[in-house]
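So this one's upload_12.cif, mmCIF, C-alpha atoms:
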```
data_work
#
loop_
_atom_site.label_atom_id
_atom_site.label_comp_id
_atom_site.auth_asym_id
_atom_site.auth_seq_id
_atom_site.Cartn_x
_atom_site.Cartn_y
_atom_site.Cartn_z
CA MET A 1297 -38.02 15.29 1.39
CA LYS A 1298 -34.99 15.20 -0.88
CA VAL A 1299 -33.45 12.00 -2.23
CA ALA A 1300 -30.10 11.53 -4.01
CA ILE A 1301 -30.08 8.84 -6.70
CA THR A 1302 -26.87 7.74 -8.40
CA SER A 1303 -27.21 8.15 -12.16
CA ARG A 1304 -25.12 7.15 -15.16
CA SER A 1305 -26.16 10.24 -17.12
CA ASN A 1306 -28.19 13.43 -16.72
CA SER A 1307 -31.73 12.63 -17.85
CA MET A 1308 -34.78 10.88 -16.41
CA ASP A 1309 -34.18 7.98 -18.84
CA SER A 1310 -30.67 7.40 -17.48
CA PHE A 1311 -30.01 4.22 -15.57
CA LEU A 1312 -29.11 4.03 -11.90
CA ASP A 1313 -25.30 4.02 -11.48
CA PRO A 1314 -24.41 0.92 -9.45
CA ARG A 1315 -21.52 2.68 -7.66
CA PHE A 1316 -22.17 5.30 -5.02
CA GLY A 1317 -18.86 7.17 -4.47
CA ARG A 1318 -17.79 7.13 -8.11
CA CYS A 1319 -21.14 7.49 -9.88
CA ALA A 1320 -21.30 9.90 -12.83
CA TYR A 1321 -24.23 12.04 -11.67
CA PHE A 1322 -26.55 12.45 -8.73
CA ALA A 1323 -30.23 12.96 -9.45
CA ILE A 1324 -31.49 15.08 -6.55
CA HIS A 1325 -35.24 14.54 -6.37
CA ASP A 1326 -37.61 16.52 -4.19
CA THR A 1327 -40.69 14.43 -3.32
CA GLU A 1328 -42.71 17.55 -2.45
CA THR A 1329 -42.10 19.66 -5.57
CA LYS A 1330 -41.59 16.51 -7.73
CA GLU A 1331 -38.60 18.24 -9.32
CA THR A 1332 -35.40 16.42 -10.19
CA GLU A 1333 -32.05 18.18 -10.58
CA PHE A 1334 -29.04 16.41 -12.12
CA VAL A 1335 -25.62 17.33 -10.72
CA LYS A 1336 -22.21 15.99 -11.71
CA ASN A 1337 -20.49 13.99 -8.97
CA PRO A 1338 -17.32 15.98 -8.15
CA SER A 1339 -15.68 12.95 -6.49
CA LYS A 1340 -16.02 10.65 -9.51
CA ASP A 1341 -12.29 10.71 -10.35
CA VAL A 1342 -10.57 11.61 -7.07
CA ASN A 1343 -7.63 9.41 -6.05
CA GLU A 1344 -8.84 8.57 -2.57
CA GLY A 1345 -11.89 9.01 -0.42
CA ALA A 1346 -14.51 9.17 -3.18
CA GLY A 1347 -17.16 7.68 -0.88
CA PRO A 1348 -16.78 10.14 2.02
CA SER A 1349 -16.60 13.15 -0.28
CA ALA A 1350 -19.71 11.99 -2.16
CA VAL A 1351 -21.52 11.73 1.20
CA LYS A 1352 -20.40 15.30 1.97
CA PHE A 1353 -21.66 16.40 -1.43
CA ILE A 1354 -25.15 14.95 -1.15
CA ALA A 1355 -25.40 16.01 2.52
CA SER A 1356 -24.90 19.60 1.35
CA TYR A 1357 -28.21 19.19 -0.56
CA LYS A 1358 -29.82 18.14 2.73
CA VAL A 1359 -31.07 14.85 1.31
CA GLU A 1360 -32.61 12.32 3.70
CA LYS A 1361 -32.23 9.26 1.50
CA ALA A 1362 -29.65 7.98 -0.96
CA VAL A 1363 -30.30 5.35 -3.64
CA ALA A 1364 -27.45 3.37 -5.26
CA GLY A 1365 -26.58 -0.14 -6.44
CA GLU A 1366 -24.13 -0.47 -3.53
CA PHE A 1367 -22.46 1.54 -0.77
CA GLY A 1368 -18.80 1.07 0.19
CA PHE A 1369 -17.90 0.04 3.75
CA LYS A 1370 -16.13 3.32 4.52
CA ILE A 1371 -19.27 5.39 4.21
CA LYS A 1372 -21.97 3.53 6.12
CA SER A 1373 -21.09 5.16 9.46
CA LEU A 1374 -20.82 8.57 7.76
CA MET A 1375 -24.32 8.20 6.31
CA ASN A 1376 -25.59 7.54 9.85
CA GLN A 1377 -23.76 10.62 11.17
CA VAL A 1378 -25.54 12.87 8.67
CA ASN A 1379 -28.84 10.98 8.97
CA ILE A 1380 -29.07 9.80 5.38
CA GLN A 1381 -30.87 6.51 4.91
CA MET A 1382 -29.31 4.18 2.35
CA ILE A 1383 -31.47 2.33 -0.17
CA VAL A 1384 -29.90 -0.38 -2.32
CA ILE A 1385 -31.49 -1.19 -5.68
CA GLN A 1386 -29.74 -3.91 -7.63
CA GLU A 1387 -32.02 -4.19 -10.65
CA GLU A 1388 -31.46 -2.14 -13.81
CA LYS A 1389 -33.85 0.77 -13.32
CA THR A 1390 -34.10 4.24 -14.81
CA ILE A 1391 -34.17 7.39 -12.67
CA LYS A 1392 -37.81 7.90 -13.75
CA GLU A 1393 -38.78 4.42 -12.49
CA ILE A 1394 -37.04 5.03 -9.15
CA VAL A 1395 -38.67 8.47 -8.76
CA ASP A 1396 -42.06 6.84 -9.43
CA MET A 1397 -41.32 4.25 -6.73
CA LEU A 1398 -40.40 7.02 -4.25
CA ASN A 1399 -43.64 8.89 -4.95
CA LYS A 1400 -45.94 5.91 -4.58
CA MET G 860 26.70 -2.26 2.78
CA LYS G 861 22.94 -2.20 2.39
CA ILE G 862 21.31 -4.51 -0.18
CA ALA G 863 17.60 -4.45 -1.04
CA ILE G 864 15.87 -7.50 -2.51
CA ALA G 865 12.90 -6.32 -4.56
CA SER G 866 10.57 -7.14 -7.43
CA GLY G 867 7.85 -5.36 -9.34
CA LYS G 868 5.65 -8.41 -9.38
CA GLY G 869 4.62 -10.07 -6.14
CA GLY G 870 5.35 -13.76 -5.65
CA THR G 871 8.52 -13.85 -7.75
CA GLY G 872 10.73 -14.92 -4.86
CA LYS G 873 11.99 -11.89 -2.87
CA THR G 874 11.63 -13.64 0.45
CA PHE G 875 13.06 -16.88 -0.94
CA VAL G 876 16.15 -15.00 -2.20
CA SER G 877 16.46 -12.81 0.94
CA THR G 878 16.37 -15.67 3.43
CA ASN G 879 18.67 -18.00 1.48
CA LEU G 880 21.05 -15.16 0.72
CA PHE G 881 21.18 -14.29 4.41
CA LYS G 882 22.07 -17.88 5.32
CA THR G 883 24.75 -17.97 2.62
CA PHE G 884 26.35 -14.62 3.58
CA GLU G 885 26.55 -15.86 7.17
CA SER G 886 28.02 -19.23 6.21
CA LEU G 887 30.67 -17.42 4.16
CA GLY G 888 31.67 -15.65 7.37
CA HIS G 889 30.12 -12.22 6.85
CA SER G 890 28.12 -10.66 9.65
CA THR G 891 24.73 -10.03 8.11
CA LEU G 892 21.49 -8.51 9.32
CA LEU G 893 18.17 -9.48 7.73
CA VAL G 894 15.52 -6.75 7.86
CA ASP G 895 11.98 -7.51 6.71
CA CYS G 896 10.85 -4.23 5.13
CA ASP G 897 7.75 -5.80 3.54
CA VAL G 898 5.76 -4.32 6.42
CA GLU G 899 2.35 -5.04 4.93
CA CYS G 900 3.10 -8.75 4.91
CA PRO G 901 6.35 -9.55 6.73
CA ASN G 902 7.20 -13.24 6.45
CA SER G 903 11.01 -13.59 6.13
CA LEU G 904 11.39 -14.50 9.78
CA LEU G 905 9.15 -17.57 9.43
CA PHE G 906 12.22 -19.36 8.08
CA PHE G 907 14.14 -19.04 11.34
CA ASP G 908 13.59 -20.20 14.89
CA LEU G 909 13.40 -16.89 16.76
CA LYS G 910 12.37 -15.21 19.99
CA LYS G 911 11.27 -11.59 20.18
CA VAL G 912 13.67 -9.47 22.22
CA SER G 913 12.29 -5.95 21.82
CA ASP G 914 9.45 -4.06 20.25
CA THR G 915 9.23 -0.34 19.38
CA LYS G 916 5.85 1.18 18.54
CA VAL G 917 5.66 3.40 15.47
CA THR G 918 3.15 6.21 15.68
CA GLU G 919 1.74 8.72 13.23
CA TYR G 920 0.27 12.19 13.65
CA ARG G 921 -3.50 12.49 14.01
CA PRO G 922 -5.52 15.69 14.37
CA ILE G 923 -8.35 15.98 16.89
CA ILE G 924 -10.96 18.54 15.88
CA ASP G 925 -12.63 20.52 18.66
CA ALA G 926 -16.12 21.11 17.28
CA ASP G 927 -16.74 23.93 19.80
CA LYS G 928 -13.80 25.98 18.51
CA CYS G 929 -14.41 25.12 14.82
CA VAL G 930 -15.92 27.95 12.76
CA TYR G 931 -16.62 25.66 9.76
CA CYS G 932 -14.46 27.72 7.41
CA GLY G 933 -13.45 24.54 5.53
CA LEU G 934 -9.76 25.45 5.19
CA CYS G 935 -8.57 22.18 6.79
CA TYR G 936 -10.81 20.27 4.37
CA GLU G 937 -9.29 22.16 1.42
CA TYR G 938 -5.72 21.54 2.65
CA CYS G 939 -6.32 17.80 3.03
CA GLU G 940 -4.93 16.00 -0.02
CA TYR G 941 -6.47 12.69 1.10
CA LYS G 942 -10.06 13.81 1.71
CA ALA G 943 -9.62 12.62 5.28
CA ILE G 944 -11.79 15.32 6.82
CA PHE G 945 -15.49 14.65 6.61
CA TYR G 946 -16.85 18.18 6.49
CA VAL G 947 -20.54 19.09 6.00
CA PRO G 948 -20.85 22.81 6.87
CA GLU G 949 -24.59 22.79 6.10
CA LEU G 950 -25.08 20.40 9.02
CA LYS G 951 -22.21 21.82 11.15
CA HIS G 952 -20.58 18.41 11.03
CA ILE G 953 -16.81 17.83 10.95
CA LYS G 954 -14.79 14.69 11.67
CA VAL G 955 -11.37 13.20 10.90
CA LEU G 956 -11.53 9.93 8.94
CA ASP G 957 -8.82 7.85 10.57
CA ASN G 958 -8.59 5.32 7.74
CA LEU G 959 -7.91 8.04 5.13
CA CYS G 960 -5.60 10.29 7.20
CA HIS G 961 -1.90 10.12 6.21
CA GLY G 962 -0.78 12.18 9.22
CA CYS G 963 0.70 15.00 7.12
CA LYS G 964 -0.42 17.73 9.56
CA ALA G 965 -1.57 20.10 6.78
CA CYS G 966 -4.97 20.55 8.52
CA SER G 967 -3.24 21.68 11.70
CA ILE G 968 -1.29 24.31 9.74
CA ALA G 969 -4.47 25.39 7.93
CA CYS G 970 -6.52 25.98 11.07
CA LYS G 971 -6.41 29.60 12.26
CA HIS G 972 -8.90 29.08 15.09
CA GLY G 973 -7.04 26.65 17.34
CA ALA G 974 -9.65 23.98 16.71
CA ILE G 975 -7.16 21.26 15.84
CA GLU G 976 -5.31 19.54 18.63
CA ASP G 977 -2.24 17.39 17.92
CA SER G 978 -2.38 13.71 18.75
CA SER G 979 -0.88 10.44 17.51
CA THR G 980 -2.01 6.94 16.70
CA GLU G 981 -0.12 3.66 16.69
CA ILE G 982 0.35 2.36 13.14
CA GLY G 983 2.73 -0.54 13.64
CA ASP G 984 5.98 -1.68 15.21
CA VAL G 985 9.62 -2.50 14.62
CA SER G 986 10.67 -5.68 16.42
CA PHE G 987 14.03 -7.25 17.11
CA PHE G 988 14.29 -11.02 17.25
CA SER G 989 17.12 -13.33 18.24
CA ASP G 990 18.01 -16.91 17.33
CA SER G 991 19.79 -19.43 19.57
CA ASN G 992 23.16 -17.98 18.51
CA SER G 993 22.10 -14.46 19.64
CA HIS G 994 21.87 -13.41 16.03
CA ILE G 995 19.58 -10.40 15.60
CA PHE G 996 16.79 -10.12 13.02
CA VAL G 997 14.63 -7.03 12.44
CA GLU G 998 11.01 -6.87 11.29
CA GLY G 999 8.74 -3.92 10.51
CA ARG G 1000 5.04 -4.68 10.76
CA LEU G 1001 2.11 -2.45 9.79
CA LYS G 1002 -0.89 -2.72 12.07
CA GLU G 1003 -3.95 -4.30 10.50
CA GLY G 1004 -6.27 -1.68 8.97
CA LYS G 1005 -3.55 1.00 8.82
CA ILE G 1006 -2.32 2.34 5.49
CA ALA G 1007 0.91 4.29 6.13
CA SER G 1008 3.71 1.78 5.67
CA ILE G 1009 6.50 4.30 5.01
CA PRO G 1010 7.14 5.47 8.61
CA ILE G 1011 7.55 1.81 9.61
CA ILE G 1012 9.96 1.02 6.76
CA LYS G 1013 12.06 4.10 7.61
CA SER G 1014 12.05 3.24 11.28
CA ALA G 1015 12.99 -0.44 10.70
CA ILE G 1016 15.98 0.50 8.52
CA LYS G 1017 17.06 3.26 10.92
CA GLU G 1018 16.90 0.97 13.96
CA ALA G 1019 18.75 -1.82 12.10
CA SER G 1020 21.44 0.60 10.94
CA LEU G 1021 22.36 1.31 14.56
CA LEU G 1022 23.68 -2.26 14.90
CA SER G 1023 27.08 -3.30 13.60
CA TYR G 1024 27.13 -5.61 10.60
CA GLU G 1025 28.96 -6.08 7.34
CA TYR G 1026 25.89 -6.57 5.16
CA LEU G 1027 22.31 -5.50 5.71
CA LEU G 1028 19.77 -7.41 3.59
CA MET G 1029 16.39 -5.74 3.20
CA ASP G 1030 13.41 -7.78 1.99
CA SER G 1031 11.37 -5.09 0.20
CA SER G 1032 7.64 -4.73 -0.43
CA PRO G 1033 6.58 -5.79 -3.94
CA GLY G 1034 5.65 -3.24 -6.59
CA THR G 1035 7.23 0.04 -7.63
CA SER G 1036 5.36 2.46 -5.37
CA CYS G 1037 6.49 4.29 -2.21
CA PRO G 1038 7.33 1.23 -0.01
CA PHE G 1039 9.72 -0.11 -2.68
CA ILE G 1040 11.22 3.33 -3.41
CA GLN G 1041 11.77 4.11 0.28
CA THR G 1042 13.64 0.81 0.70
CA ALA G 1043 15.60 1.23 -2.55
CA VAL G 1044 16.82 4.79 -1.80
CA ARG G 1045 18.28 3.53 1.48
CA SER G 1046 20.31 0.78 -0.20
CA ASP G 1047 23.65 0.68 -2.00
CA TYR G 1048 22.66 -2.11 -4.36
CA ILE G 1049 19.35 -3.64 -5.39
CA VAL G 1050 18.72 -7.27 -6.35
CA LEU G 1051 15.65 -7.42 -8.57
CA VAL G 1052 14.00 -10.82 -8.60
CA ALA G 1053 12.09 -11.46 -11.82
CA GLU G 1054 10.25 -14.37 -13.35
CA PRO G 1055 10.46 -15.02 -17.11
CA THR G 1056 6.76 -14.51 -17.89
CA PRO G 1057 4.92 -11.67 -19.71
CA PHE G 1058 3.56 -10.40 -16.39
CA GLY G 1059 7.01 -10.66 -14.82
CA LEU G 1060 8.54 -8.71 -17.71
CA SER G 1061 5.94 -5.95 -17.52
CA ASP G 1062 6.64 -5.40 -13.82
CA LEU G 1063 10.41 -5.77 -14.25
CA LYS G 1064 10.36 -2.89 -16.75
CA GLN G 1065 8.61 -0.68 -14.19
CA SER G 1066 11.17 -1.61 -11.53
CA VAL G 1067 14.05 -0.81 -13.90
CA GLU G 1068 12.55 2.56 -14.88
CA THR G 1069 12.06 3.45 -11.22
CA LEU G 1070 15.62 2.48 -10.24
CA ASN G 1071 17.07 4.36 -13.21
CA SER G 1072 15.17 7.47 -12.15
CA ILE G 1073 16.74 7.36 -8.68
CA ASN G 1074 20.20 6.39 -10.03
CA LYS G 1075 20.65 3.10 -8.21
CA ASP G 1076 22.89 0.21 -9.14
CA TYR G 1077 21.11 -3.13 -9.58
CA GLY G 1078 21.24 -6.61 -11.03
CA VAL G 1079 18.58 -9.21 -11.80
CA ILE G 1080 18.07 -12.72 -10.50
CA ILE G 1081 15.75 -14.72 -12.72
CA ASN G 1082 13.77 -17.05 -10.52
CA ARG G 1083 11.90 -20.13 -11.76
CA SER G 1084 13.85 -20.09 -15.01
CA GLY G 1085 12.59 -22.61 -17.55
CA LEU G 1086 9.05 -21.27 -17.18
CA GLY G 1087 7.43 -18.75 -19.52
CA ASP G 1088 9.30 -17.33 -22.49
CA ILE G 1089 12.57 -15.63 -23.47
CA LYS G 1090 11.32 -12.04 -23.60
CA VAL G 1091 12.74 -11.13 -20.17
CA TYR G 1092 16.18 -12.26 -21.42
CA ASP G 1093 15.82 -10.19 -24.61
CA TYR G 1094 14.83 -7.14 -22.59
CA LEU G 1095 17.78 -7.48 -20.19
CA LYS G 1096 20.21 -8.00 -23.08
CA ASP G 1097 18.87 -5.03 -25.08
CA ASN G 1098 19.13 -2.76 -22.04
CA GLU G 1099 22.51 -4.12 -20.90
CA ILE G 1100 21.17 -5.07 -17.47
CA PRO G 1101 23.32 -7.65 -15.68
CA ILE G 1102 21.85 -11.05 -14.81
CA ILE G 1103 23.28 -12.09 -11.44
CA ALA G 1104 21.97 -15.65 -11.70
CA GLU G 1105 19.17 -17.93 -12.78
CA ILE G 1106 17.40 -20.09 -10.24
CA PRO G 1107 15.73 -23.03 -11.98
CA PHE G 1108 12.05 -23.85 -11.54
CA SER G 1109 12.10 -26.80 -9.19
CA LYS G 1110 9.44 -28.58 -7.21
CA GLU G 1111 12.07 -29.57 -4.65
CA ILE G 1112 12.91 -25.90 -3.94
CA ALA G 1113 9.21 -25.04 -3.74
CA ARG G 1114 8.58 -27.89 -1.33
CA TYR G 1115 11.31 -26.78 1.11
CA TYR G 1116 10.04 -23.20 0.88
CA SER G 1117 6.47 -24.28 1.63
CA GLU G 1118 7.73 -26.10 4.72
CA GLY G 1119 9.47 -22.96 5.97
CA LYS G 1120 12.93 -24.39 5.29
CA LEU G 1121 15.92 -22.83 3.56
CA ALA G 1122 16.78 -24.55 0.28
CA VAL G 1123 20.50 -23.77 0.74
CA SER G 1124 20.52 -25.96 3.85
CA HIS G 1125 19.02 -28.96 2.05
CA ILE G 1126 19.95 -28.89 -1.65
CA GLU G 1127 23.63 -28.90 -2.53
CA GLU G 1128 23.18 -27.31 -6.01
CA VAL G 1129 21.14 -24.47 -4.52
CA LYS G 1130 23.82 -23.91 -1.86
CA ILE G 1131 26.49 -23.64 -4.57
CA LEU G 1132 24.28 -21.36 -6.66
CA PHE G 1133 23.68 -18.99 -3.73
CA GLU G 1134 27.41 -18.91 -2.98
CA GLU G 1135 27.97 -17.74 -6.55
CA ILE G 1136 25.19 -15.18 -6.18
CA SER G 1137 26.65 -13.93 -2.88
CA ASN G 1138 30.12 -13.53 -4.35
CA LYS G 1139 28.76 -11.61 -7.32
CA ILE G 1140 26.72 -9.27 -5.12
CA MET G 1141 29.61 -8.68 -2.72
CA LYS G 1142 31.94 -7.95 -5.65
CA ASN G 1143 29.39 -5.45 -6.97
CA GLY G 1144 29.14 -3.85 -3.56
CA ASN G 1145 32.89 -3.49 -3.26
CA SER G 1146 33.07 -1.73 -6.59
CA ILE G 1147 30.51 0.79 -5.28
CA SER G 1148 31.97 1.49 -1.84
#
```

What is this file in structure tokens?
Amino acid sequence: MKVAITSRSNSMDSFLDPRFGRCAYFAIHDTETKETEFVKNPSKDVNEGAGPSAVKFIASYKVEKAVAGEFGFKIKSLMNQVNIQMIVIQEEKTIKEIVDMLNK
Amino acid sequence: MKIAIASGKGGTGKTFVSTNLFKTFESLGHSTLLVDCDVECPNSLLFFDLKKVSDTKVTEYRPIIDADKCVYCGLCYEYCEYKAIFYVPELKHIKVLDNLCHGCKACSIACKHGAIEDSSTEIGDVSFFSDSNSHIFVEGRLKEGKIASIPIIKSAIKEASLLSYEYLLMDSSPGTSCPFIQTAVRSDYIVLVAEPTPFGLSDLKQSVETLNSINKDYGVIINRSGLGDIKVYDYLKDNEIPIIAEIPFSKEIARYYSEGKLAVSHIEEVKILFEEISNKIMKNGNSIS
């Protein structure tokens, strides 16, 4: 299973980015291969619709879960449409810590 | 003659000036029409005892995507400036996001497979109201949750312009973005209401720059004078921008306003002040037309 985690930078020591639509990077983690790929969020600086286009972006990686500090109201129904489960983490955690939690 | 009452900063007194100016124009014997163009929050008509006489719905274009005809080429998604098409080709999923769509129809032009059907959605209305003297008032109102205010502003001004009047007063939306510009370009003269505070000055500058860029004639009313500092006055003097009048900061004025009453009907000094303002604006208008 693949999981998209919002990340402030592009390493395992980076912290979770609290925003979903306008996060800096997505860490795409595969729980089977245990590999994590960091990709820049193309919707970070768009004028409008950052949330929906970020959903489109992670859906193209066929992720089943998304982890962020919060999800905007516009995107909750879209996440359901593409069957991505939302996980909210509000503590300051690194990508490595979150990946470890996912693999427990 | 069409006059817009506007301000960069919200809460400086556009509606206060519009409604009291309307009353004064009328009492001076000029047939005047008040149009509330602040469609996101219309409130000018609260100051009058009115009954609704007619209501015209304003609609906007909406595409309907036929998923059976769609080949998932993504061209409509690329054409959409507002990211209003939720398109996930990997999952063969496509949907129009109503709350992001601006109704520009670009997706319909992009589609070469006949998968986009034309439709429309109601975004607000333009209403006509009447008082006990059969005097007509016009209000544009954006439907809750909708974002496109421009078609409603255009429609309100167009509908109002069909009536006969000497002066048309338009209470504009605050700010310097599209709603303000679309009201300003349809007017012959703009009254900018400003407050003498740093925030007021910052937004006044933006209003002035916008009006200069569209070549419109304007003057400034300083509302709540006596507050803040003198920097607004320095700015106006340095840029040779005319001050139409100063309305003093007064608890009495604020109290009447909060009760939904017109200050010109209750405070003699305010009545005289608005008569001076009206004469100045009318004189300005005559020099234009």

Practice item. Report the distance between CA of Ile1371 (chain A) and CA of Glu1393 (chain A) in Å, rounded to one decimal place. Key: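 One can read the CA of Ile1371 (chain A) to CA of Glu1393 (chain A) distance as 25.7 Å.
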
Point to revise | Near-Ala1364 (chain A) list (10 Å; all atoms listed in the file; drop same-chain fewer than 6 positions) as JSON, numbers by chain | key: {"A": [1300, 1301, 1302, 1303, 1312, 1313, 1314, 1315, 1316, 1317, 1319, 1322, 1382, 1383, 1384, 1385, 1386]}

What lies within 7 Å of region 871-875 of chain G using only C-alpha atoms, ignoring chain neighbours under 3 positions off, as a PDB file with C-alpha atoms, keeping the file's coordinate frame?
```pdb
ATOM      1  CA  ILE G 864      15.870  -7.500  -2.510  1.00  0.00           C
ATOM      2  CA  ALA G 865      12.900  -6.320  -4.560  1.00  0.00           C
ATOM      3  CA  SER G 866      10.570  -7.140  -7.430  1.00  0.00           C
ATOM      4  CA  LYS G 868       5.650  -8.410  -9.380  1.00  0.00           C
ATOM      5  CA  THR G 878      16.370 -15.670   3.430  1.00  0.00           C
ATOM      6  CA  ASN G 879      18.670 -18.000   1.480  1.00  0.00           C
ATOM      7  CA  SER G 903      11.010 -13.590   6.130  1.00  0.00           C
ATOM      8  CA  ASP G1030      13.410  -7.780   1.990  1.00  0.00           C
ATOM      9  CA  VAL G1052      14.000 -10.820  -8.600  1.00  0.00           C
ATOM     10  CA  ALA G1053      12.090 -11.460 -11.820  1.00  0.00           C
ATOM     11  CA  GLU G1054      10.250 -14.370 -13.350  1.00  0.00           C
ATOM     12  CA  ASN G1082      13.770 -17.050 -10.520  1.00  0.00           C
TER      13      ASN G1082
END
```

Exercise for review: Enter the distance from CA of Lys1358 (chain A) to CA of Ala969 (chain G), in Å, rounded to one decimal.
Suggested key: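 Answer for the CA of Lys1358 (chain A) to CA of Ala969 (chain G) separation: 26.9 Å.
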
Review point. What is the distance between CA of Tyr1357 (chain A) and CA of Val947 (chain G), in Å to one decimal?
Key: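 Atom-to-atom, CA of Tyr1357 (chain A) and CA of Val947 (chain G) are spaced 10.1 Å apart.
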
Exercise for review: Starting from chain A, keep only residues with some atom at most 12 Å from an atom of chain G, counting only C-alpha atoms, and report them as JSON, numbers by chain.
Suggested key: {"A": [1339, 1342, 1343, 1344, 1345, 1346, 1347, 1348, 1349, 1350, 1351, 1352, 1353, 1354, 1355, 1356, 1357, 1358, 1359, 1369, 1370, 1371, 1373, 1374, 1375, 1377, 1378, 1379, 1380]}

**Study point:** Residues matched by the PyMOL selection byres ((chain G and resi 1032) around 8), written as a list of chain:residue names
**Key:**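 Against this file, the PyMOL selection byres ((chain G and resi 1032) around 8) returns the residues G:Ala865, G:Ser866, G:Cys896, G:Asp897, G:Val898, G:Glu899, G:Asp1030, G:Ser1031, G:Pro1033, G:Gly1034, G:Pro1038, G:Phe1039.
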